[in-house]
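Below: the structure, in structure tokens.
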Amino acid sequence: MQISAGASGRRVAKSFVVLLLLLVAAVILGSVSGAVVIPLHQWWPVLSGGSGDETQLLRQVFMDIRLPRVVFGIITGAALALSGVVMQALFRNPLAEPGLIGVSAGAALGAVSAIVLTAAGFWVISFAAFAGSLLSTWLAYLVGRRYAGVAGLLLAGIAINAISGSLIGLLTYIATDTQLRDLTFWGMGSLASANWRTIGLLGPWVMVICVLLCREWRALNALLLGEREVTHLGFSMKQLRRRLIVGIALLVGPLVAVTGGIGFVGLVVPHCLRMIMGANHRHLLPASLAGGALALVLADWLARIVVIPAELPIGLVTSLIGGPFFLWLLVKRTVR
Amino acid sequence: MNAQTQCMRGEGLCATRGQRRVLRNVSIDIRRGEVLALLGANGAGKSTLLSILAQESQDAHTQDTGTIFINGREAAPQSVREQARQRAVLPQGSGLTFDLGIEEIIQMGLYPFPEMDPDEASALLQHAAQTAGVLELLDRSWVTLSGGEKQRVQFARVLVQLLARRHDAETRYLLMDEPTSALDPKHQHEFFRIVSGLAHQDEVGVLVIVHDINLAAQYCDRIALLADGELVICDTPERVLTRENLYLTYGIHSQTMPHPIKPGKLLVVWE
């Protein structure tokens, strides 16, 4: 038998093609349907900027509401799934997710503080959430790096999650009714705030960090073997750990700050992809970008069409579907 | 090439874990083209010594002293990548639980050598897989392999790492922690034959922790005995395998006799 890319290479290529086709389909679906439907015969006029009142209206819906949302969904989903893959490799556990090192809890604490303690608008809340996520991740890292490997990081993350949770509880306790409503909705996540300005700000940022993280595929594969093997294969564990944590904090922090809590994407998407194409990070990292984007664009589409003309918080949709789906995967796996 | 520089040397190695002094002033060298066996009772400090020689990252609570030299140059200032190009390590067992392909695992041996030409790389992978006897495992899934099969796959990965620069003049080193513990007798002997070929033909310096003293006596050029963190002796099997040395190491009496089948080799029988 020859060592070659062979059969597994073909399977990987096929998975990529299917993923990308599904993503294109989801993007079209997410762009044309919702409270206002863009009918098939209007697709081309809308895209090419045709005349007519109806076309102009639909074009406005498409360009100013739909497309930014879909694009922001792509960015957020890709980043969440990628950071899930990275966290699972770093902790060598398929159940790890970015929240483990305090990114999300810190962001939530920052956001809730801003909502309850100040009469803040959207940007102040986002900034507070970002600051909170950076601060808590930094704390977890500071404490965790006193230990070899990632055990310390994990324990520090648990402590920080608990502290954030109790402080959020305290703030919730003293919040007024309006604030309560605001912070509850923040916690359930939404892409509704998506606009071209946010995308222009976060898009390039996310892209750069994703590319940098994708380049770590060798070290992430080595991590699957074990922390010692990382060193044996020529990667400094300390530096790697720092690079990955900083990457995740800078990737997830700003996104969570804008979208609020969106659960399960970072857990379920990598898990499914690993079942389809194996655990090699060379393919898994780029595939998670496409898979995460697909999942979130679909989830956002569902969130918009289920209760037209209102919409559900997207975090609710991802958890409502992701949770049972994950359970089903686990059950299926043990039966087989 | 001078014998002083073509070796991996640990000088004055001391290690403390918690309150325990695990290694006390151990100095040891692994020479080009030899298999050096490291033996000792449980808890004697064998694995610690190996992990220090491998320069594995330490946490803030351990304070190790001593210096490692690789081919005459101090190891600590060299980058981790630079060290990985000269030294491969085969740890005891593997904690891999994710479903990686067997080929993908073996290919990891190439990670310290990103500059390698793809044709040369695939020839090397083929050679290593064949040598380690894992060609028939290539299309299996990692999670379905037995303990011994997993060990052989990891060995193939380490072989790739060692042989990637086989045309270099610089000596490369292989450190192994109980590589034969999961292998049946046939595979144990096969394994040691491959390892001794690696040392004698490819001129790799090998340090191997092994519990079976007769495997060490048969295949290893030198044997080091470690007792309670101190080096008892490090020399040829003839000088090392005496009743006194073995008693000092294990606290049990033994007799050493000529091997009945293998001429020139020794056999140790425990009393």
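Residues are named by chain letter and number: chains run A, B, ... in the order of the structure tokens, numbers start at 1 in each chain, and ligands are numbered from 1 in the order shown.
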
**OP:** Give me, as a PyMOL selection string, the contact residues of chain A against chain B at a cut-off of 6 Å, counting only C-alpha atoms.
**Re:** chain A and resi 146-148+224-225+232-236+278-279

Subject >> Contact residues around range 211-216 of chain A with only C-alpha atoms at 10 Å, ignoring same-chain residues under 2 positions, as number ranges by chain >> reply: A: 82-83, 86, 206-209, 218-221, 240, 243-244, 247-248, 251, 281-286, 289

Could you save those same residues with N, CA and C atoms as an mmCIF file, in the first residue's frame?
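File produced: out-v2.cif:
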data_model
loop_
_atom_site.group_PDB
_atom_site.id
_atom_site.type_symbol
_atom_site.label_atom_id
_atom_site.label_comp_id
_atom_site.auth_asym_id
_atom_site.auth_seq_id
_atom_site.Cartn_x
_atom_site.Cartn_y
_atom_site.Cartn_z
ATOM 1 N N LEU A 82 -14.701 28.258 14.116
ATOM 2 C CA LEU A 82 -13.241 28.123 14.100
ATOM 3 C C LEU A 82 -12.685 28.163 15.516
ATOM 4 N N SER A 83 -13.194 29.091 16.326
ATOM 5 C CA SER A 83 -12.648 29.171 17.677
ATOM 6 C C SER A 83 -13.048 27.941 18.483
ATOM 7 N N VAL A 86 -10.443 25.368 17.613
ATOM 8 C CA VAL A 86 -9.168 25.675 18.265
ATOM 9 C C VAL A 86 -9.222 25.337 19.754
ATOM 10 N N VAL A 206 -11.662 40.006 11.633
ATOM 11 C CA VAL A 206 -11.949 38.577 11.791
ATOM 12 C C VAL A 206 -11.182 37.760 10.751
ATOM 13 N N MET A 207 -11.134 38.278 9.531
ATOM 14 C CA MET A 207 -10.475 37.526 8.465
ATOM 15 C C MET A 207 -8.986 37.309 8.787
ATOM 16 N N VAL A 208 -8.333 38.384 9.228
ATOM 17 C CA VAL A 208 -6.895 38.284 9.528
ATOM 18 C C VAL A 208 -6.657 37.248 10.632
ATOM 19 N N ILE A 209 -7.449 37.331 11.698
ATOM 20 C CA ILE A 209 -7.225 36.404 12.817
ATOM 21 C C ILE A 209 -7.535 34.961 12.399
ATOM 22 N N ARG A 218 -0.686 22.596 12.006
ATOM 23 C CA ARG A 218 0.275 21.561 12.412
ATOM 24 C C ARG A 218 0.352 21.455 13.935
ATOM 25 N N ALA A 219 0.494 22.612 14.577
ATOM 26 C CA ALA A 219 0.606 22.609 16.037
ATOM 27 C C ALA A 219 -0.675 22.061 16.679
ATOM 28 N N LEU A 220 -1.824 22.357 16.073
ATOM 29 C CA LEU A 220 -3.086 21.861 16.633
ATOM 30 C C LEU A 220 -3.179 20.350 16.482
ATOM 31 N N ASN A 221 -2.719 19.826 15.355
ATOM 32 C CA ASN A 221 -2.664 18.368 15.201
ATOM 33 C C ASN A 221 -1.756 17.760 16.260
ATOM 34 N N LEU A 240 2.605 28.663 22.012
ATOM 35 C CA LEU A 240 1.414 28.225 21.289
ATOM 36 C C LEU A 240 0.157 28.568 22.083
ATOM 37 N N ARG A 243 -0.492 32.238 21.903
ATOM 38 C CA ARG A 243 -1.008 32.642 20.579
ATOM 39 C C ARG A 243 -2.475 32.269 20.420
ATOM 40 N N LEU A 244 -2.822 31.044 20.823
ATOM 41 C CA LEU A 244 -4.197 30.581 20.631
ATOM 42 C C LEU A 244 -5.181 31.363 21.492
ATOM 43 N N GLY A 247 -5.529 34.869 20.187
ATOM 44 C CA GLY A 247 -6.304 34.804 18.947
ATOM 45 C C GLY A 247 -7.785 34.663 19.224
ATOM 46 N N ILE A 248 -8.136 33.758 20.123
ATOM 47 C CA ILE A 248 -9.553 33.522 20.408
ATOM 48 C C ILE A 248 -10.184 34.724 21.095
ATOM 49 N N LEU A 251 -10.763 37.321 18.589
ATOM 50 C CA LEU A 251 -11.721 36.909 17.561
ATOM 51 C C LEU A 251 -13.145 36.905 18.111
ATOM 52 N N HIS A 281 -6.533 19.021 11.318
ATOM 53 C CA HIS A 281 -6.839 20.452 11.319
ATOM 54 C C HIS A 281 -6.506 21.149 10.022
ATOM 55 N N ARG A 282 -5.694 20.538 9.211
ATOM 56 C CA ARG A 282 -5.384 21.138 7.926
ATOM 57 C C ARG A 282 -6.677 21.369 7.132
ATOM 58 N N HIS A 283 -7.614 20.416 7.228
ATOM 59 C CA HIS A 283 -8.902 20.540 6.528
ATOM 60 C C HIS A 283 -9.991 21.047 7.462
ATOM 61 N N LEU A 284 -9.908 20.643 8.731
ATOM 62 C CA LEU A 284 -10.986 20.949 9.672
ATOM 63 C C LEU A 284 -11.114 22.454 9.907
ATOM 64 N N LEU A 285 -9.992 23.164 9.999
ATOM 65 C CA LEU A 285 -10.058 24.609 10.276
ATOM 66 C C LEU A 285 -10.773 25.365 9.154
ATOM 67 N N PRO A 286 -10.341 25.214 7.891
ATOM 68 C CA PRO A 286 -11.085 25.917 6.830
ATOM 69 C C PRO A 286 -12.526 25.427 6.701
ATOM 70 N N LEU A 289 -14.859 27.161 9.029
ATOM 71 C CA LEU A 289 -15.271 28.505 8.603
ATOM 72 C C LEU A 289 -16.554 28.411 7.784
#

Subject >> strand (DSSP E or B) residues, from DSSP on the backbone, in range 4-241 of chain B, as a VMD selection string >> reply: chain B and resid 7 to 17 20 to 31 35 to 40 65 to 70 73 to 74 87 to 90 101 141 173 to 177 205 to 209 222 to 227 230 to 235

Create the file for the chosen residues now, containing C-alpha atoms and written as a PDB file, in the first residue's frame.
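Listing of result.pdb after writing:
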ATOM      1  CA  CYS B   7      26.722  13.001  21.674  1.00  0.00           C
ATOM      2  CA  MET B   8      23.793  14.218  23.701  1.00  0.00           C
ATOM      3  CA  ARG B   9      24.961  14.996  27.164  1.00  0.00           C
ATOM      4  CA  GLY B  10      23.160  15.815  30.382  1.00  0.00           C
ATOM      5  CA  GLU B  11      25.436  17.343  32.993  1.00  0.00           C
ATOM      6  CA  GLY B  12      24.673  17.600  36.697  1.00  0.00           C
ATOM      7  CA  LEU B  13      20.941  17.056  36.284  1.00  0.00           C
ATOM      8  CA  CYS B  14      18.900  17.599  39.436  1.00  0.00           C
ATOM      9  CA  ALA B  15      15.122  17.578  39.628  1.00  0.00           C
ATOM     10  CA  THR B  16      12.661  18.248  42.423  1.00  0.00           C
ATOM     11  CA  ARG B  17       8.963  17.373  42.271  1.00  0.00           C
ATOM     12  CA  ARG B  20      10.903  15.068  46.569  1.00  0.00           C
ATOM     13  CA  ARG B  21      14.306  15.143  44.979  1.00  0.00           C
ATOM     14  CA  VAL B  22      13.744  12.929  41.992  1.00  0.00           C
ATOM     15  CA  LEU B  23      17.163  13.275  40.385  1.00  0.00           C
ATOM     16  CA  ARG B  24      20.425  13.986  42.183  1.00  0.00           C
ATOM     17  CA  ASN B  25      23.315  15.181  40.120  1.00  0.00           C
ATOM     18  CA  VAL B  26      22.967  12.744  37.236  1.00  0.00           C
ATOM     19  CA  SER B  27      25.367  13.055  34.309  1.00  0.00           C
ATOM     20  CA  ILE B  28      24.798  10.888  31.293  1.00  0.00           C
ATOM     21  CA  ASP B  29      25.711  10.890  27.627  1.00  0.00           C
ATOM     22  CA  ILE B  30      24.059   9.241  24.662  1.00  0.00           C
ATOM     23  CA  ARG B  31      26.619   8.599  21.953  1.00  0.00           C
ATOM     24  CA  VAL B  35      21.612   2.079  22.020  1.00  0.00           C
ATOM     25  CA  LEU B  36      21.746   3.073  25.665  1.00  0.00           C
ATOM     26  CA  ALA B  37      19.244   1.369  27.962  1.00  0.00           C
ATOM     27  CA  LEU B  38      17.993   3.159  31.062  1.00  0.00           C
ATOM     28  CA  LEU B  39      16.838   0.827  33.812  1.00  0.00           C
ATOM     29  CA  GLY B  40      15.716   1.243  37.394  1.00  0.00           C
ATOM     30  CA  THR B  65      19.083  22.364  37.317  1.00  0.00           C
ATOM     31  CA  GLY B  66      21.761  21.038  35.065  1.00  0.00           C
ATOM     32  CA  THR B  67      22.698  21.501  31.433  1.00  0.00           C
ATOM     33  CA  ILE B  68      21.905  19.561  28.274  1.00  0.00           C
ATOM     34  CA  PHE B  69      24.309  19.595  25.350  1.00  0.00           C
ATOM     35  CA  ILE B  70      23.366  18.352  21.905  1.00  0.00           C
ATOM     36  CA  ARG B  73      26.063  22.896  21.855  1.00  0.00           C
ATOM     37  CA  GLU B  74      23.922  23.810  24.838  1.00  0.00           C
ATOM     38  CA  ARG B  87      15.885  14.874  18.727  1.00  0.00           C
ATOM     39  CA  ALA B  88      12.747  12.761  18.524  1.00  0.00           C
ATOM     40  CA  VAL B  89      10.848  11.428  21.523  1.00  0.00           C
ATOM     41  CA  LEU B  90       8.537   8.443  21.796  1.00  0.00           C
ATOM     42  CA  GLY B 101      -5.875   9.048  10.024  1.00  0.00           C
ATOM     43  CA  SER B 141      -8.945   4.238  11.929  1.00  0.00           C
ATOM     44  CA  TYR B 173      18.862  11.328  18.937  1.00  0.00           C
ATOM     45  CA  LEU B 174      15.905   9.200  19.887  1.00  0.00           C
ATOM     46  CA  LEU B 175      14.502   9.059  23.428  1.00  0.00           C
ATOM     47  CA  MET B 176      11.940   6.366  24.222  1.00  0.00           C
ATOM     48  CA  ASP B 177       9.942   5.677  27.378  1.00  0.00           C
ATOM     49  CA  GLY B 205      21.964   7.885  19.324  1.00  0.00           C
ATOM     50  CA  VAL B 206      19.201   6.043  21.201  1.00  0.00           C
ATOM     51  CA  LEU B 207      18.167   6.194  24.837  1.00  0.00           C
ATOM     52  CA  VAL B 208      15.495   3.677  25.775  1.00  0.00           C
ATOM     53  CA  ILE B 209      13.771   3.101  29.097  1.00  0.00           C
ATOM     54  CA  ARG B 222      25.436   0.253  27.145  1.00  0.00           C
ATOM     55  CA  ILE B 223      23.167   0.117  30.166  1.00  0.00           C
ATOM     56  CA  ALA B 224      22.562   2.829  32.744  1.00  0.00           C
ATOM     57  CA  LEU B 225      21.130   1.877  36.141  1.00  0.00           C
ATOM     58  CA  LEU B 226      19.238   4.498  38.099  1.00  0.00           C
ATOM     59  CA  ALA B 227      18.406   4.027  41.784  1.00  0.00           C
ATOM     60  CA  GLU B 230      21.173   8.590  41.384  1.00  0.00           C
ATOM     61  CA  LEU B 231      23.136   6.941  38.624  1.00  0.00           C
ATOM     62  CA  VAL B 232      24.504   3.609  39.897  1.00  0.00           C
ATOM     63  CA  ILE B 233      26.592   2.843  36.837  1.00  0.00           C
ATOM     64  CA  CYS B 234      26.561   3.445  33.106  1.00  0.00           C
ATOM     65  CA  ASP B 235      28.696   1.036  31.089  1.00  0.00           C
TER      66      ASP B 235
END

Subject >> DSSP alpha helix (DSSP H) residues within range 23-246 of chain B, as a PyMOL selection string >> reply: chain B and resi 46-53+80-84+102-107+118-131+147-163+185-200+213-219+237-240+243-246

Subject >> Atomic distance CA of Gly261 in chain A - CA of Ile75 in chain A, expressed in Å with one decimal >> reply: 15.1 Å

Subject >> Polymer residues at most 10 Å from Ala140 in chain A, only C-alpha atoms, same-chain spacing of 2 or more positions, as a list of chain:residue names >> reply: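 The neighbour list is A:Leu100, A:Ile101, A:Gly102, A:Val103, A:Leu134, A:Leu135, A:Ser136, A:Thr137, A:Trp138, A:Leu142, A:Val143, A:Gly144, A:Arg145, A:Gly152, A:Leu153, A:Leu154, A:Leu155, A:Ala156, A:Gly157, A:Ile158, A:Ala159, A:Ile160, A:Asn161, A:Ile245.
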
Could you save the residues just selected, with N, CA and C atoms, as a short mmCIF file (atom, residue, chain, number, x, y, z; two decimals), in the first residue's frame?
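Result written to selection_18.cif:
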data_model
loop_
_atom_site.label_atom_id
_atom_site.label_comp_id
_atom_site.auth_asym_id
_atom_site.auth_seq_id
_atom_site.Cartn_x
_atom_site.Cartn_y
_atom_site.Cartn_z
N LEU A 100 -15.21 28.57 27.68
CA LEU A 100 -14.46 27.91 28.74
C LEU A 100 -13.41 28.82 29.39
N ILE A 101 -12.82 29.73 28.62
CA ILE A 101 -11.79 30.59 29.20
C ILE A 101 -12.36 31.95 29.56
N GLY A 102 -13.68 32.04 29.66
CA GLY A 102 -14.29 33.27 30.18
C GLY A 102 -14.62 34.33 29.16
N VAL A 103 -14.42 34.03 27.86
CA VAL A 103 -14.68 35.04 26.83
C VAL A 103 -16.13 35.51 26.89
N LEU A 134 -12.13 40.65 27.15
CA LEU A 134 -10.66 40.69 27.16
C LEU A 134 -10.14 40.55 28.58
N LEU A 135 -10.77 41.28 29.49
CA LEU A 135 -10.31 41.30 30.87
C LEU A 135 -10.40 39.91 31.49
N SER A 136 -11.53 39.22 31.28
CA SER A 136 -11.69 37.92 31.93
C SER A 136 -10.77 36.88 31.30
N THR A 137 -10.59 36.94 29.97
CA THR A 137 -9.67 35.99 29.34
C THR A 137 -8.25 36.22 29.81
N TRP A 138 -7.90 37.50 29.94
CA TRP A 138 -6.56 37.85 30.39
C TRP A 138 -6.33 37.32 31.80
N LEU A 142 -3.58 34.68 32.93
CA LEU A 142 -2.56 35.03 33.93
C LEU A 142 -2.46 33.94 35.00
N VAL A 143 -3.63 33.51 35.50
CA VAL A 143 -3.63 32.49 36.55
C VAL A 143 -3.20 31.15 35.94
N GLY A 144 -3.75 30.83 34.76
CA GLY A 144 -3.52 29.53 34.16
C GLY A 144 -2.09 29.29 33.76
N ARG A 145 -1.35 30.33 33.41
CA ARG A 145 -0.02 30.09 32.88
C ARG A 145 0.98 29.71 33.98
N GLY A 152 -4.50 24.50 34.40
CA GLY A 152 -4.67 25.73 35.18
C GLY A 152 -5.62 26.69 34.50
N LEU A 153 -5.49 26.78 33.19
CA LEU A 153 -6.34 27.65 32.39
C LEU A 153 -7.80 27.26 32.55
N LEU A 154 -8.03 25.96 32.49
CA LEU A 154 -9.39 25.43 32.60
C LEU A 154 -9.99 25.79 33.95
N LEU A 155 -9.20 25.56 35.03
CA LEU A 155 -9.71 25.83 36.38
C LEU A 155 -9.96 27.32 36.58
N ALA A 156 -9.00 28.14 36.12
CA ALA A 156 -9.18 29.59 36.24
C ALA A 156 -10.41 30.03 35.46
N GLY A 157 -10.62 29.43 34.28
CA GLY A 157 -11.79 29.76 33.47
C GLY A 157 -13.08 29.45 34.20
N ILE A 158 -13.11 28.30 34.87
CA ILE A 158 -14.31 27.91 35.62
C ILE A 158 -14.60 28.93 36.73
N ALA A 159 -13.52 29.32 37.45
CA ALA A 159 -13.69 30.29 38.53
C ALA A 159 -14.21 31.61 37.98
N ILE A 160 -13.63 32.05 36.87
CA ILE A 160 -14.04 33.34 36.31
C ILE A 160 -15.47 33.29 35.80
N ASN A 161 -15.84 32.16 35.21
CA ASN A 161 -17.23 32.01 34.77
C ASN A 161 -18.18 32.10 35.96
N ILE A 245 -4.80 31.60 22.76
CA ILE A 245 -5.71 32.33 23.66
C ILE A 245 -5.91 33.76 23.18
#

Subject >> Polymer residues at most 8 Å from range 301-307 of chain A, only C-alpha atoms, same-chain spacing of 6 or more positions, as number ranges by chain >> reply: A: 29-30, 33-35, 313-314, 317

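Candidate residues A:Leu95, A:Val36, A:Leu80, A:Val24 were compared for distance to Pro254 in chain A, and the nearest is A:Leu80, using only C-alpha atoms.
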
Who sits within 12 Å of Asp177 in chain A, only C-alpha atoms, same chain under 6 positions skipped, as a PDB file with N, CA and C atoms, in the first residue's frame:
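Result file is selection.pdb:
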ATOM      1  N   ILE A 115     -25.534  48.011  30.776  1.00  0.00           N
ATOM      2  CA  ILE A 115     -26.990  48.190  30.697  1.00  0.00           C
ATOM      3  C   ILE A 115     -27.558  48.680  32.028  1.00  0.00           C
ATOM      4  N   VAL A 116     -27.092  48.068  33.111  1.00  0.00           N
ATOM      5  CA  VAL A 116     -27.696  48.362  34.408  1.00  0.00           C
ATOM      6  C   VAL A 116     -27.122  49.629  35.037  1.00  0.00           C
ATOM      7  N   LEU A 183     -31.262  43.222  29.124  1.00  0.00           N
ATOM      8  CA  LEU A 183     -30.154  42.293  29.351  1.00  0.00           C
ATOM      9  C   LEU A 183     -30.552  40.858  29.048  1.00  0.00           C
ATOM     10  N   THR A 184     -31.846  40.554  29.213  1.00  0.00           N
ATOM     11  CA  THR A 184     -32.291  39.214  28.821  1.00  0.00           C
ATOM     12  C   THR A 184     -32.119  39.032  27.312  1.00  0.00           C
TER      13      THR A 184
END

Original post:
So how far away is CA of Leu267 in chain B from CA of Gly93 in chain B, in Å?
Top reply: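 These atoms are spaced 27.8 Å apart.
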
Spatial neighbours of Gly148 in chain B, 9 Å, only C-alpha atoms, chain gap at least 2 places, as a short mmCIF file (atom, residue, chain, number, x, y, z; two decimals) with C-alpha atoms, in the first residue's frame:
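What follows is the written file result_1.cif:
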data_model
loop_
_atom_site.label_atom_id
_atom_site.label_comp_id
_atom_site.auth_asym_id
_atom_site.auth_seq_id
_atom_site.Cartn_x
_atom_site.Cartn_y
_atom_site.Cartn_z
CA LEU B 145 -6.13 -0.04 16.68
CA SER B 146 -4.87 -2.19 19.54
CA LYS B 150 -0.88 2.26 18.18
CA GLN B 151 2.63 2.04 19.58
CA ARG B 152 4.01 0.97 16.21
CA VAL B 153 2.23 3.83 14.43
CA THR B 180 7.85 -2.23 24.28
CA SER B 181 5.40 -2.31 27.19
CA ALA B 182 2.40 -2.87 24.88
CA LEU B 183 4.15 -5.32 22.54
CA ASP B 184 4.10 -9.11 22.50
CA HIS B 187 7.17 -7.58 18.35
#

Original post:
Suppose you want the space between CA of Val27 in chain A and CA of Leu191 in chain A; what is it in Å?
Top reply: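 Straight-line distance from CA of Val27 in chain A to CA of Leu191 in chain A works out to 14.6 Å.
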
Subject >> Exercise: Gly264 in chain B partners within 10 Å, only C-alpha atoms, chain neighbours under 3 positions left out, as a ChimeraX atom specification >> reply: /B:218,238,258-261
